[in-house]
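Novice: Before I ask anything, here is the structure I am working with.
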Amino acid sequence: MRIDKKTKDNLITYGIVVATFLIVQALASTGNLTNHIKGLLVPMTYYAIIAVALNLCVGILGELSIGHCGFMCIGAFTSAAFSKITADKIPSGPRFLIAFVIGIAFAALFGFLIGIPVLRLKGDYLAIVTLAFGEIIKNVINAFYIGVDSTGMHFSMENQMALNLEKDGEMVINGAMGVTGTPHDASFTIGIVMLLVSLVVVLNLINSRDGRAIMAIRDNYIAAEASGINVTRYKMLAFTISAAIAGAAGVLYSHNITTLTASSQYFGYNASIMILVYVVLGGIGNIRGSVVAACILYLLPELLRGLNKYRMLIYSIVLIVMMIVNWSPKVIEWRKKTFANFGIKKKV
Amino acid sequence: MALLDVTNLSISFGGLRAVDDFNMTIEKGELYGLIGPNGAGKTTVFNLLTGVYKPNEGKIKLDGEDITRKNTIEINHAGIARTFQNIRLFKQMSVIDNVKVGLSERFKYSTLEGILHVGRYKKVEKQIDDEAMRLLKVFDLDGERDTLASNLPYGKQRKLEIVRAMATDPKLLLLDEPAAGMNPNETKELMETIALVRKEFEMTILLIEHDMKLVSGICEKLTVLNFGKVLCQGETKEVLSNPEVIKAYLGE
């Protein structure tokens, strides 16, 4: 069977992920990885996943969203609450699977609801409103108090006391203190599997009639409409799928740490911008680039911790170099020539 | 029965009556021209026909079906396809993908089948691919199937826009100044392309054009618009020799 160029490209992307997984596993089993690095592996996968999600929104749909961490936040909290409530009742395997379904479903639901007003806007306005929604989600969750006891679920937005829990009651979400004691279900293997799943979803979508419709809207929505494409439907579809995948990243996040709080550091504006940096440097619309950029740019500052005060200096130099390598026409030309000499045809 | 039947069409923007009491009948298979000075309301008529604007008064019937109040998408599904005065291609997509977008409302499978690549996906994608290639071959663009649309030369971009419109399998094709910005050679090629569309697809075409050589060369019937009103209507030869048309548009 003839394998066309797009299929081949996708296989290379999957291959890179699987190869990275195998190399890391080999290093780990031979004892070559420090605990510090092992701790970075799961975050690396969820940042790669949310970068893929954001690239679907920014690169394929062409709408600049800077509130994607909000969807990650929703996925993290809904799934963590579920896992905490059912920690003693359901074995960890199926529980984590259901947690994924819940986290993804809620993130998709909110993606859909937020998409209704947001996708009426364009350009800068859309970016600003997504930013606002991201902050709203974070701040609202910070005011949530949810507890369970023998009489059922209690909910308040004031304080812990207002819940009137019985003695045997247990706090699930404790306002700004967040969720403590989420079972530690996430692992590097599950993270890689989720990354592969989200890659398959996004890359398959791009190569389908829905994906072509989405990209047509990005390039020229007036012409898309005149070609009979339902612009609203496909915009909502892409935004919802993007939010759902961001939710999956959130599920991994919350099941990798003991204390989950809706802090600015992880779910705020800066975090969303950082993910946007992964997407832009990896190449807007280039899904493989997002994965590679997310992994490198997440690991780099962590691995440079030893260099202390020069750490961020090196990080910013790397950002500039990546920008030039990925976008400068001269460098792209040079890269093509060099790769051609090795007999490798590189897609730009 | 006429393919397109427009009666008493009017639209105002504020105090300006951009199109006033516009009537037009196009029979199946005709090549019809819409001409007139700048600002006469030609593109507004196109936008009314394709649902971009909703008329204040009047009726538009396509093949007996009333499409007056329908939106752009529904009108495309009803059978009107168009090209634009300023080319609107999907620039970051390949030539064949541009055509496939035009095909996507004719060959369908569900979103889930698309994401998982199961069910009808393989079969329908094959049909889409074959149909897109067939269209590109007809228009002699098959050599550029994987080129980015934005990298095509100007004349071929115009051509690709026509191919994309044809991919939606329309009953009526609207061309908005297809020869704008073309040199004489490109215009000649365009005339050949239009002739090809008529021959291969037996297509009914309505076009707006300023290039009088092209208009008098290929149009069978003409409507001349001036200040939103129909100045003259009929066979090309008669219209072009009408003294009022000469005074308002062609120049004495």
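For the structure tokens, the naming scheme is as follows: chains receive sequential letters (A, B, ...) according to their order of presentation, residues are indexed from 1 within each chain, and ligands are indexed from 1 in presentation order.
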Using only C-alpha atoms, I'd like every residue of chain B that has an atom within 9 Å of chain A; please write them out as an NGL selection string.

Specialist: :B and (50 or 72-77 or 80-84 or 88-93 or 97-98 or 100-105 or 107-111 or 113-117 or 121 or 125 or 164-165 or 167-168)

Novice: So how many Å separate atom CA of Glu177 of chain B and atom CA of Leu190 of chain B, to one decimal?

Specialist: 11.2 Å

Novice: Excluding same-chain residues fewer than 2 positions from segment 255-267 of chain A, what lies within 6 Å of it counting only C-alpha atoms, as a list in words?

Specialist: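 So, after excluding close chain neighbours, the residues are Cys69, Lys138, Met177, Gly178, Val179, Thr180, Gly181, Thr182, His184, Asp185, Ala186, Leu252, Tyr253 and Ala271 of chain A.
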
Novice: Just the number, please: distance in Å from atom CA of Thr43 of chain B to atom CA of Leu16 of chain B, one decimal.

Specialist: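 Here the two named atoms are 15.2 Å from each other.
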
Novice: Counting only C-alpha atoms, what is within 7 Å of segment 56-70 of chain B, bar same-chain residues fewer than 6 positions away, as number ranges by chain?

Specialist: B: 2-11

Novice: Looking only at the backbone, which of the residues in segment 13-239 of chain B does DSSP tag as helix (DSSP H, G or I), as a PyMOL selection string?

Specialist: chain B and resi 42-49+72-78+95-103+111-116+121-138+142-144+149-151+154-167+184-201+212-218+236-239
